[in-house]
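*Asks:* Structure file run05.tsv, TSV, C-alpha atoms, is pasted below:
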```tsv
chain	number	residue	atom	x	y	z
T	29	MET	CA	9.10	80.64	-52.20
T	30	ASN	CA	5.66	81.66	-51.09
T	31	SER	CA	4.02	79.88	-48.19
T	32	ARG	CA	0.96	77.77	-48.79
T	33	ASN	CA	-2.25	79.42	-47.61
T	34	ASN	CA	-5.11	77.61	-49.32
T	35	ALA	CA	-5.09	74.48	-51.46
T	36	SER	CA	-7.63	75.98	-53.87
T	37	ASN	CA	-5.45	78.96	-54.75
T	38	HIS	CA	-2.04	77.34	-54.41
T	39	VAL	CA	-0.05	76.24	-57.46
T	40	ILE	CA	3.32	74.58	-57.98
T	41	LEU	CA	5.68	75.44	-60.81
T	42	TYR	CA	8.35	72.90	-61.65
T	43	VAL	CA	11.39	74.51	-63.26
T	44	ARG	CA	14.77	73.40	-64.51
T	45	ALA	CA	17.46	72.97	-61.89
T	46	GLY	CA	20.90	74.49	-62.33
T	47	TRP	CA	24.45	73.20	-62.51
T	48	GLN	CA	24.80	69.57	-61.42
T	49	GLY	CA	21.06	69.44	-60.84
T	50	GLN	CA	21.21	71.88	-57.94
T	51	GLY	CA	19.56	75.22	-57.30
T	52	TYR	CA	17.66	77.38	-59.75
T	53	GLY	CA	18.66	77.06	-63.39
T	54	ALA	CA	18.63	79.51	-66.27
T	55	CYS	CA	15.80	78.40	-68.55
T	56	PRO	CA	14.15	81.52	-70.08
T	57	LEU	CA	10.82	79.71	-70.37
T	58	CYS	CA	10.89	78.71	-66.72
T	59	GLN	CA	11.69	82.27	-65.65
T	60	ARG	CA	8.81	83.48	-67.80
T	61	PHE	CA	6.25	81.52	-65.79
T	62	TYR	CA	8.01	82.20	-62.50
T	63	MET	CA	7.52	85.91	-63.26
T	64	VAL	CA	3.87	85.38	-64.15
T	65	LEU	CA	3.21	83.57	-60.87
T	66	ASP	CA	5.01	86.19	-58.83
T	67	LEU	CA	3.09	89.03	-60.47
T	68	LYS	CA	-0.23	87.26	-60.00
T	69	SER	CA	0.58	86.45	-56.38
T	70	LYS	CA	0.62	90.20	-55.68
T	71	GLY	CA	-3.10	90.20	-56.33
T	72	LYS	CA	-3.45	87.97	-53.22
T	73	ALA	CA	-5.55	85.43	-55.15
T	74	LEU	CA	-2.70	83.02	-55.76
T	75	THR	CA	0.14	81.50	-53.78
T	76	TYR	CA	2.84	79.32	-55.24
T	77	ASP	CA	5.90	77.17	-54.72
T	78	ILE	CA	8.84	76.78	-57.09
T	79	ILE	CA	10.34	73.29	-57.28
T	80	THR	CA	13.56	72.74	-59.21
T	81	VAL	CA	13.96	69.50	-61.16
T	82	SER	CA	17.14	67.97	-62.51
T	83	THR	CA	16.53	66.96	-66.12
T	84	ALA	CA	19.24	64.32	-65.81
T	85	ARG	CA	17.79	62.82	-62.62
T	86	PRO	CA	14.12	63.83	-62.29
T	87	PRO	CA	12.49	62.46	-59.13
T	88	GLU	CA	10.11	59.54	-59.56
T	89	GLU	CA	7.18	61.62	-58.34
T	90	PHE	CA	7.75	64.13	-61.13
T	91	ARG	CA	8.17	61.43	-63.81
T	92	LYS	CA	4.69	60.13	-63.01
T	93	PHE	CA	3.04	63.17	-64.54
T	94	ALA	CA	5.58	64.97	-66.74
T	95	ASN	CA	8.68	64.58	-68.87
T	96	LYS	CA	9.53	68.19	-69.69
T	97	LEU	CA	9.75	71.61	-68.05
T	98	PRO	CA	8.23	73.93	-67.04
T	99	VAL	CA	5.14	72.26	-65.56
T	100	LEU	CA	2.28	73.84	-63.66
T	101	LYS	CA	0.39	71.79	-61.06
T	102	HIS	CA	-2.80	73.02	-59.40
T	103	GLY	CA	-4.44	70.40	-57.23
T	104	ASP	CA	-5.05	67.46	-59.56
T	105	GLU	CA	-4.55	69.58	-62.68
T	106	VAL	CA	-1.20	69.21	-64.47
T	107	ILE	CA	-0.49	71.54	-67.40
T	108	LEU	CA	2.48	70.93	-69.69
T	109	ASP	CA	1.86	73.07	-72.76
T	110	THR	CA	3.16	76.62	-72.38
T	111	GLU	CA	0.19	78.36	-73.99
T	112	GLU	CA	-2.19	76.23	-71.95
T	113	ILE	CA	-0.34	77.26	-68.78
T	114	LEU	CA	-0.94	80.94	-69.61
T	115	GLN	CA	-4.58	80.33	-70.48
T	116	TYR	CA	-5.13	78.33	-67.30
T	117	LEU	CA	-3.58	80.97	-65.06
T	118	ASP	CA	-5.50	83.80	-66.71
T	119	ALA	CA	-8.77	81.89	-66.47
T	120	ASN	CA	-8.35	80.81	-62.84
T	121	PHE	CA	-6.39	83.79	-61.49
T	122	PRO	CA	-7.39	86.76	-63.64
T	123	HIS	CA	-6.09	89.47	-61.30
T	124	PRO	CA	-3.86	91.23	-61.93
T	125	ASP	CA	-4.62	91.12	-65.63
T	126	LEU	CA	-1.40	90.50	-67.56
T	127	THR	CA	-2.96	90.18	-71.01
T	128	TYR	CA	-2.11	92.67	-73.76
T	129	GLN	CA	-3.44	93.63	-77.19
T	130	ASN	CA	-0.46	95.60	-78.52
T	131	ARG	CA	0.40	94.00	-81.87
T	132	GLU	CA	3.23	96.48	-82.54
T	133	ALA	CA	4.95	95.54	-79.27
T	134	HIS	CA	4.53	91.86	-80.02
T	135	THR	CA	6.04	92.23	-83.50
T	136	ALA	CA	8.95	94.37	-82.24
T	137	SER	CA	10.17	91.54	-80.03
T	138	LEU	CA	9.14	88.53	-82.11
T	139	ASP	CA	12.43	87.50	-83.75
T	140	ILE	CA	15.05	88.74	-81.32
T	141	PHE	CA	15.68	85.46	-79.52
T	142	SER	CA	15.91	83.36	-82.67
T	143	LYS	CA	18.54	85.72	-84.08
T	144	PHE	CA	20.47	85.50	-80.81
T	145	SER	CA	20.31	81.69	-80.94
T	146	PHE	CA	21.61	81.69	-84.51
T	147	PHE	CA	24.46	83.98	-83.45
T	148	ILE	CA	25.60	82.07	-80.38
T	149	LYS	CA	25.31	78.72	-82.20
T	150	ASN	CA	27.27	80.01	-85.22
T	151	VAL	CA	24.40	79.70	-87.66
T	152	SER	CA	24.96	83.41	-88.19
T	153	HIS	CA	28.64	84.27	-88.56
T	154	THR	CA	28.19	87.91	-87.58
T	155	ALA	CA	26.08	89.75	-85.02
T	156	ASP	CA	24.35	91.80	-87.73
T	157	PRO	CA	20.98	89.95	-87.73
T	158	LEU	CA	20.82	90.14	-83.93
T	159	LEU	CA	21.82	93.79	-83.97
T	160	LYS	CA	19.07	94.53	-86.49
T	161	GLU	CA	16.44	93.03	-84.16
T	162	LEU	CA	17.82	94.86	-81.13
T	163	LEU	CA	17.65	98.12	-83.08
T	164	TYR	CA	14.07	97.34	-84.13
T	165	LEU	CA	13.09	96.78	-80.50
T	166	ASP	CA	14.93	99.92	-79.38
T	167	HIS	CA	13.05	102.02	-81.95
T	168	TYR	CA	9.73	100.64	-80.77
T	169	LEU	CA	10.55	101.35	-77.11
T	170	GLU	CA	11.65	104.87	-77.99
T	171	ARG	CA	8.36	105.55	-79.78
T	172	SER	CA	6.21	104.03	-77.07
T	173	GLY	CA	7.72	105.94	-74.17
T	174	HIS	CA	6.48	103.25	-71.76
T	175	ARG	CA	8.43	101.76	-68.87
T	176	PHE	CA	7.63	98.29	-70.21
T	177	MET	CA	6.55	96.84	-73.53
T	178	CYS	CA	2.86	97.74	-73.43
T	179	GLY	CA	2.61	100.33	-70.70
T	180	ASN	CA	3.97	101.23	-67.31
T	181	GLU	CA	3.16	97.84	-65.78
T	182	MET	CA	4.43	94.41	-66.81
T	183	THR	CA	2.32	92.14	-68.98
T	184	HIS	CA	2.74	88.61	-70.30
T	185	LEU	CA	4.89	90.07	-73.07
T	186	ASP	CA	7.46	91.40	-70.61
T	187	CYS	CA	7.55	88.03	-68.85
T	188	ASN	CA	8.45	86.54	-72.21
T	189	VAL	CA	10.88	89.19	-73.49
T	190	LEU	CA	12.89	90.19	-70.41
T	191	PRO	CA	14.34	86.74	-69.57
T	192	LYS	CA	15.45	86.44	-73.21
T	193	LEU	CA	17.08	89.87	-73.18
T	194	GLN	CA	18.99	88.93	-70.02
T	195	HIS	CA	20.32	85.81	-71.75
T	196	ILE	CA	21.27	87.91	-74.76
T	197	ARG	CA	23.10	90.40	-72.56
T	198	VAL	CA	25.04	87.86	-70.48
T	199	ALA	CA	25.68	85.04	-72.94
T	200	SER	CA	26.56	87.21	-75.95
T	201	GLU	CA	29.27	88.96	-73.98
T	202	ALA	CA	30.57	85.75	-72.41
T	203	PHE	CA	30.76	83.64	-75.56
T	204	LYS	CA	31.08	86.22	-78.33
T	205	ASP	CA	32.41	89.43	-76.76
T	206	PHE	CA	29.27	91.12	-78.06
T	207	ILE	CA	27.82	93.91	-75.91
T	208	ILE	CA	24.44	95.47	-76.52
T	209	PRO	CA	25.45	98.87	-77.98
T	210	PRO	CA	25.13	101.81	-75.56
T	211	VAL	CA	23.44	103.87	-78.29
T	212	LEU	CA	20.36	101.66	-77.87
T	213	ALA	CA	19.32	103.90	-75.00
T	214	SER	CA	15.63	102.94	-74.96
T	215	LEU	CA	16.46	99.24	-74.83
T	216	TRP	CA	18.87	99.79	-71.95
T	217	ARG	CA	16.28	101.95	-70.18
T	218	TYR	CA	13.82	99.08	-70.52
T	219	LEU	CA	16.33	96.68	-68.97
T	220	GLY	CA	17.03	99.23	-66.24
T	221	ASN	CA	13.33	99.34	-65.38
T	222	ALA	CA	13.34	95.56	-65.10
T	223	TYR	CA	16.40	95.63	-62.85
T	224	GLN	CA	14.47	97.86	-60.45
T	225	ASP	CA	11.49	95.51	-60.40
T	226	ASP	CA	11.22	93.07	-57.50
T	227	THR	CA	9.67	90.30	-59.61
T	228	PHE	CA	12.42	90.35	-62.21
T	229	LYS	CA	15.18	90.48	-59.62
T	230	LYS	CA	13.62	87.63	-57.65
T	231	THR	CA	13.28	85.35	-60.68
T	232	CYS	CA	16.51	86.18	-62.53
T	233	PRO	CA	19.13	83.42	-62.67
T	234	SER	CA	22.79	84.15	-62.04
T	235	ASP	CA	25.18	85.01	-64.85
T	236	GLN	CA	27.00	81.74	-64.15
T	237	GLU	CA	23.82	79.72	-64.62
T	238	ILE	CA	23.02	81.54	-67.87
T	239	VAL	CA	26.48	80.72	-69.21
T	240	HIS	CA	26.15	77.13	-68.04
T	241	HIS	CA	22.76	76.86	-69.78
T	242	TRP	CA	24.30	77.76	-73.13
T	243	SER	CA	27.51	75.80	-72.54
T	244	GLU	CA	25.41	72.63	-72.38
T	245	LYS	CA	24.21	73.10	-75.95
T	246	LYS	CA	26.64	71.39	-78.32
T	247	GLU	CA	26.16	74.01	-81.06
T	248	THR	CA	27.23	76.90	-78.83
T	249	THR	CA	30.57	78.58	-79.42
T	250	PRO	CA	33.00	77.31	-76.74
T	251	LEU	CA	33.57	79.70	-73.88
T	252	PRO	CA	36.95	81.46	-74.36
T	253	THR	CA	39.66	80.05	-72.10
T	254	ASN	CA	40.33	83.40	-70.47
T	255	LYS	CA	36.68	83.59	-69.32
T	256	GLN	CA	36.15	80.10	-68.03
T	257	LYS	CA	37.20	80.90	-64.45
T	258	LEU	CA	34.74	83.80	-64.38
T	259	TYR	CA	31.80	81.45	-64.66
T	260	VAL	CA	32.78	78.50	-62.46
T	261	ILE	CA	29.66	78.04	-60.37
T	262	ASP	CA	31.00	76.14	-57.37
T	263	GLN	CA	34.05	78.34	-56.74
T	264	GLN	CA	32.56	81.81	-56.35
T	265	ALA	CA	29.48	83.67	-55.25
T	266	PRO	CA	26.69	84.02	-57.83
T	267	LYS	CA	26.97	87.13	-60.00
T	268	PHE	CA	23.93	88.98	-61.29
T	269	SER	CA	24.13	91.60	-64.04
T	270	LEU	CA	21.27	93.70	-62.73
T	271	SER	CA	22.61	97.19	-63.31
T	272	LEU	CA	23.35	99.29	-66.35
T	273	PRO	CA	26.96	99.37	-67.57
T	274	LYS	CA	28.91	102.53	-66.83
T	275	TYR	CA	29.15	103.40	-70.51
T	276	VAL	CA	25.34	103.60	-70.95
T	277	ASN	CA	23.93	107.15	-70.91
T	278	GLY	CA	27.27	108.46	-69.71
T	279	ASN	CA	27.04	106.66	-66.33
```
Written as structure tokens, how would this file's structure read?

*Replies:*
Amino acid sequence: MNSRNNASNHVILYVRAGWQGQGYGACPLCQRFYMVLDLKSKGKALTYDIITVSTARPPEEFRKFANKLPVLKHGDEVILDTEEILQYLDANFPHPDLTYQNREAHTASLDIFSKFSFFIKNVSHTADPLLKELLYLDHYLERSGHRFMCGNEMTHLDCNVLPKLQHIRVASEAFKDFIIPPVLASLWRYLGNAYQDDTFKKTCPSDQEIVHHWSEKKETTPLPTNKQKLYVIDQQAPKFSLSLPKYVNGN
């Protein structure tokens, strides 16, 4: 957490707590705005605190102004809508500029998370629709040649896409034994660039929390018995998949 320097430039982001209402949870939307705040704080115009909230037992102070997460609070301003949060941050803290105009990049990543959700919740009975979207994204990244979606620096689009890709990587393997194919070299290179970035590493939830996040959804495929011990949160140190697998690019 960043220390408070000035009330006028200090914001608070309320995010979902983790297992048993403790620690930092694995909500992709919450990580998205955590990343945005961290990137904008590097411009020295903004400082922030992250406060975790248990959805089962939200504190009374939080219930006075909100009933969902994430929530941005800046002085007396409370912003609940996700698009309004982005607009507010860009208007009040424009540097660094995280906006983008790349329609092709936006389209390449538009449907990937919905296809993953269908897969892990058994709406789709095979991984083919998800694989098609991953391939589409890989082809875009190969053509672009950028480190990130729209260039060599992160934008709002990366803050949206990267948390989702991390959930796809971790949860698909845990619940479905599906691994992002090593032949998608540009997609893995993109993830590798994120794994080297301080903001992504700082804001990324543990593998255990990602698995817990999806285990809580009743439509999700049950975690295989032989994997359950791997993701018990209170019995082992947090694990973070923040490196490329050995089979990618011959590593």

*Asks:* Show which residues sit within 10 Å of Asp156 in chain T, as a PyMOL selection string. Count only C-alpha atoms, and ignore same-chain residues fewer than 5 positions away.

*Replies:* chain T and resi 143+147+161-162

*Asks:* For Pro210 in chain T, list every protein, DNA or RNA residue within 7 Å, evaluated using all atoms listed in the file, and leave out those in the same chain fewer than 3 positions away; present the list as a list of chain:residue names.

*Replies:*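 Using all atoms listed in the file, the neighbours found are T:Ala213, T:Tyr275, T:Val276.
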
*Asks:* Using CA of Ile79 in chain T and CA of Gly51 in chain T as the two end points, give the distance in Å to one decimal.

*Replies:* 9.4 Å

*Asks:* Please measure the separation of CA of Asn37 in chain T and CA of Pro56 in chain T, giving the value in Å to one decimal.

*Replies:*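 Computing the Euclidean distance for CA of Asn37 in chain T and CA of Pro56 in chain T yields 25.0 Å.
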
*Asks:* Find the spatial neighbours of Ala265 in chain T, counting all atoms listed in the file, within a cut-off of 10 Å - ignore same-chain residues fewer than 6 positions away - and output them as number ranges by chain.

*Replies:* T: 234, 236, 259

*Asks:* When you draw a straight line from CA of Val260 in chain T to CA of Pro98 in chain T, how long is it in Å?

*Replies:*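 Calculated distance between CA of Val260 in chain T and CA of Pro98 in chain T is 25.4 Å.
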
*Asks:* Kindly indicate which residue among T:Cys55, T:Leu97, T:Leu169, T:Leu41 lies nearest to Trp242 in chain T, using all atoms listed in the file for the distances.

*Replies:*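 For Trp242 in chain T, the nearest of the candidates is T:Cys55.
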
*Asks:* Just range 62-92 of chain T from the block, N, CA, C and O atoms, as a JSON list (two decimals), in the first residue's frame, could you?

*Replies:*
```json
[["chain", "number", "residue", "atom", "x", "y", "z"],
["T", 62, "TYR", "N", -6.73, -1.90, -9.50],
["T", 62, "TYR", "CA", -5.50, -1.87, -8.71],
["T", 62, "TYR", "C", -4.32, -1.56, -9.63],
["T", 62, "TYR", "O", -3.45, -0.73, -9.32],
["T", 63, "MET", "N", -4.28, -2.20, -10.80],
["T", 63, "MET", "CA", -3.21, -1.94, -11.76],
["T", 63, "MET", "C", -3.26, -0.50, -12.25],
["T", 63, "MET", "O", -2.21, 0.17, -12.35],
["T", 64, "VAL", "N", -4.45, -0.01, -12.55],
["T", 64, "VAL", "CA", -4.59, 1.37, -13.03],
["T", 64, "VAL", "C", -4.03, 2.35, -11.99],
["T", 64, "VAL", "O", -3.26, 3.25, -12.32],
["T", 65, "LEU", "N", -4.41, 2.15, -10.73],
["T", 65, "LEU", "CA", -3.93, 3.05, -9.68],
["T", 65, "LEU", "C", -2.42, 2.97, -9.53],
["T", 65, "LEU", "O", -1.75, 3.99, -9.37],
["T", 66, "ASP", "N", -1.88, 1.77, -9.59],
["T", 66, "ASP", "CA", -0.44, 1.63, -9.42],
["T", 66, "ASP", "C", 0.31, 2.29, -10.56],
["T", 66, "ASP", "O", 1.34, 2.95, -10.35],
["T", 67, "LEU", "N", -0.18, 2.14, -11.78],
["T", 67, "LEU", "CA", 0.47, 2.77, -12.92],
["T", 67, "LEU", "C", 0.38, 4.30, -12.82],
["T", 67, "LEU", "O", 1.36, 5.00, -13.08],
["T", 68, "LYS", "N", -0.78, 4.80, -12.43],
["T", 68, "LYS", "CA", -0.94, 6.25, -12.32],
["T", 68, "LYS", "C", -0.15, 6.82, -11.14],
["T", 68, "LYS", "O", 0.26, 7.98, -11.17],
["T", 69, "SER", "N", 0.07, 6.02, -10.12],
["T", 69, "SER", "CA", 0.84, 6.52, -8.98],
["T", 69, "SER", "C", 2.30, 6.76, -9.36],
["T", 69, "SER", "O", 3.00, 7.53, -8.69],
["T", 70, "LYS", "N", 2.77, 6.13, -10.44],
["T", 70, "LYS", "CA", 4.15, 6.33, -10.87],
["T", 70, "LYS", "C", 4.36, 7.71, -11.49],
["T", 70, "LYS", "O", 5.49, 8.14, -11.66],
["T", 71, "GLY", "N", 3.25, 8.36, -11.83],
["T", 71, "GLY", "CA", 3.34, 9.72, -12.32],
["T", 71, "GLY", "C", 3.42, 10.74, -11.20],
["T", 71, "GLY", "O", 3.46, 11.95, -11.44],
["T", 72, "LYS", "N", 3.42, 10.27, -9.94],
["T", 72, "LYS", "CA", 3.59, 11.10, -8.74],
["T", 72, "LYS", "C", 2.40, 12.02, -8.46],
["T", 72, "LYS", "O", 2.43, 12.80, -7.51],
["T", 73, "ALA", "N", 1.34, 11.95, -9.27],
["T", 73, "ALA", "CA", 0.19, 12.82, -9.05],
["T", 73, "ALA", "C", -0.86, 12.17, -8.16],
["T", 73, "ALA", "O", -1.79, 12.81, -7.72],
["T", 74, "LEU", "N", -0.71, 10.89, -7.91],
["T", 74, "LEU", "CA", -1.73, 10.14, -7.20],
["T", 74, "LEU", "C", -1.07, 9.21, -6.18],
["T", 74, "LEU", "O", -0.04, 8.61, -6.46],
["T", 75, "THR", "N", -1.67, 9.11, -5.02],
["T", 75, "THR", "CA", -1.31, 8.08, -4.05],
["T", 75, "THR", "C", -2.58, 7.31, -3.72],
["T", 75, "THR", "O", -3.70, 7.79, -3.94],
["T", 76, "TYR", "N", -2.42, 6.11, -3.21],
["T", 76, "TYR", "CA", -3.62, 5.30, -2.99],
["T", 76, "TYR", "C", -3.42, 4.30, -1.85],
["T", 76, "TYR", "O", -2.29, 3.96, -1.48],
["T", 77, "ASP", "N", -4.54, 3.84, -1.35],
["T", 77, "ASP", "CA", -4.59, 2.71, -0.43],
["T", 77, "ASP", "C", -5.52, 1.67, -1.01],
["T", 77, "ASP", "O", -6.53, 2.00, -1.68],
["T", 78, "ILE", "N", -5.22, 0.40, -0.75],
["T", 78, "ILE", "CA", -6.09, -0.72, -1.12],
["T", 78, "ILE", "C", -6.70, -1.28, 0.17],
["T", 78, "ILE", "O", -5.96, -1.63, 1.10],
["T", 79, "ILE", "N", -8.01, -1.34, 0.21],
["T", 79, "ILE", "CA", -8.70, -1.89, 1.38],
["T", 79, "ILE", "C", -9.52, -3.09, 0.93],
["T", 79, "ILE", "O", -10.35, -2.99, 0.02],
["T", 80, "THR", "N", -9.27, -4.24, 1.54],
["T", 80, "THR", "CA", -10.01, -5.45, 1.19],
["T", 80, "THR", "C", -11.30, -5.52, 2.01],
["T", 80, "THR", "O", -11.33, -5.16, 3.18],
["T", 81, "VAL", "N", -12.36, -6.00, 1.36],
["T", 81, "VAL", "CA", -13.68, -6.06, 1.97],
["T", 81, "VAL", "C", -14.24, -7.46, 1.80],
["T", 81, "VAL", "O", -14.26, -7.99, 0.68],
["T", 82, "SER", "N", -14.69, -8.06, 2.88],
["T", 82, "SER", "CA", -15.37, -9.34, 2.82],
["T", 82, "SER", "C", -16.79, -9.13, 2.31],
["T", 82, "SER", "O", -17.55, -8.35, 2.91],
["T", 83, "THR", "N", -17.15, -9.79, 1.23],
["T", 83, "THR", "CA", -18.50, -9.64, 0.70],
["T", 83, "THR", "C", -19.53, -10.27, 1.62],
["T", 83, "THR", "O", -20.69, -9.86, 1.63],
["T", 84, "ALA", "N", -19.11, -11.27, 2.40],
["T", 84, "ALA", "CA", -20.03, -11.91, 3.34],
["T", 84, "ALA", "C", -20.24, -11.07, 4.59],
["T", 84, "ALA", "O", -21.33, -11.07, 5.18],
["T", 85, "ARG", "N", -19.20, -10.33, 4.99],
["T", 85, "ARG", "CA", -19.29, -9.53, 6.22],
["T", 85, "ARG", "C", -18.67, -8.15, 5.98],
["T", 85, "ARG", "O", -17.66, -7.79, 6.61],
["T", 86, "PRO", "N", -19.27, -7.34, 5.09],
["T", 86, "PRO", "CA", -18.70, -6.01, 4.84],
["T", 86, "PRO", "C", -18.83, -5.13, 6.08],
["T", 86, "PRO", "O", -19.85, -5.18, 6.78],
["T", 87, "PRO", "N", -17.82, -4.34, 6.39],
["T", 87, "PRO", "CA", -17.91, -3.47, 7.57],
["T", 87, "PRO", "C", -19.01, -2.43, 7.41],
["T", 87, "PRO", "O", -19.36, -2.04, 6.29],
["T", 88, "GLU", "N", -19.54, -2.00, 8.53],
["T", 88, "GLU", "CA", -20.65, -1.05, 8.51],
["T", 88, "GLU", "C", -20.28, 0.23, 7.77],
["T", 88, "GLU", "O", -21.09, 0.80, 7.03],
["T", 89, "GLU", "N", -19.04, 0.69, 7.95],
["T", 89, "GLU", "CA", -18.61, 1.91, 7.28],
["T", 89, "GLU", "C", -18.71, 1.79, 5.77],
["T", 89, "GLU", "O", -19.14, 2.71, 5.07],
["T", 90, "PHE", "N", -18.34, 0.60, 5.24],
["T", 90, "PHE", "CA", -18.42, 0.38, 3.80],
["T", 90, "PHE", "C", -19.88, 0.32, 3.34],
["T", 90, "PHE", "O", -20.24, 0.87, 2.29],
["T", 91, "ARG", "N", -20.74, -0.34, 4.11],
["T", 91, "ARG", "CA", -22.15, -0.50, 3.72],
["T", 91, "ARG", "C", -22.88, 0.84, 3.63],
["T", 91, "ARG", "O", -23.91, 0.93, 2.98],
["T", 92, "LYS", "N", -22.34, 1.86, 4.26],
["T", 92, "LYS", "CA", -22.99, 3.17, 4.22],
["T", 92, "LYS", "C", -22.95, 3.80, 2.83],
["T", 92, "LYS", "O", -23.82, 4.61, 2.49]]
```
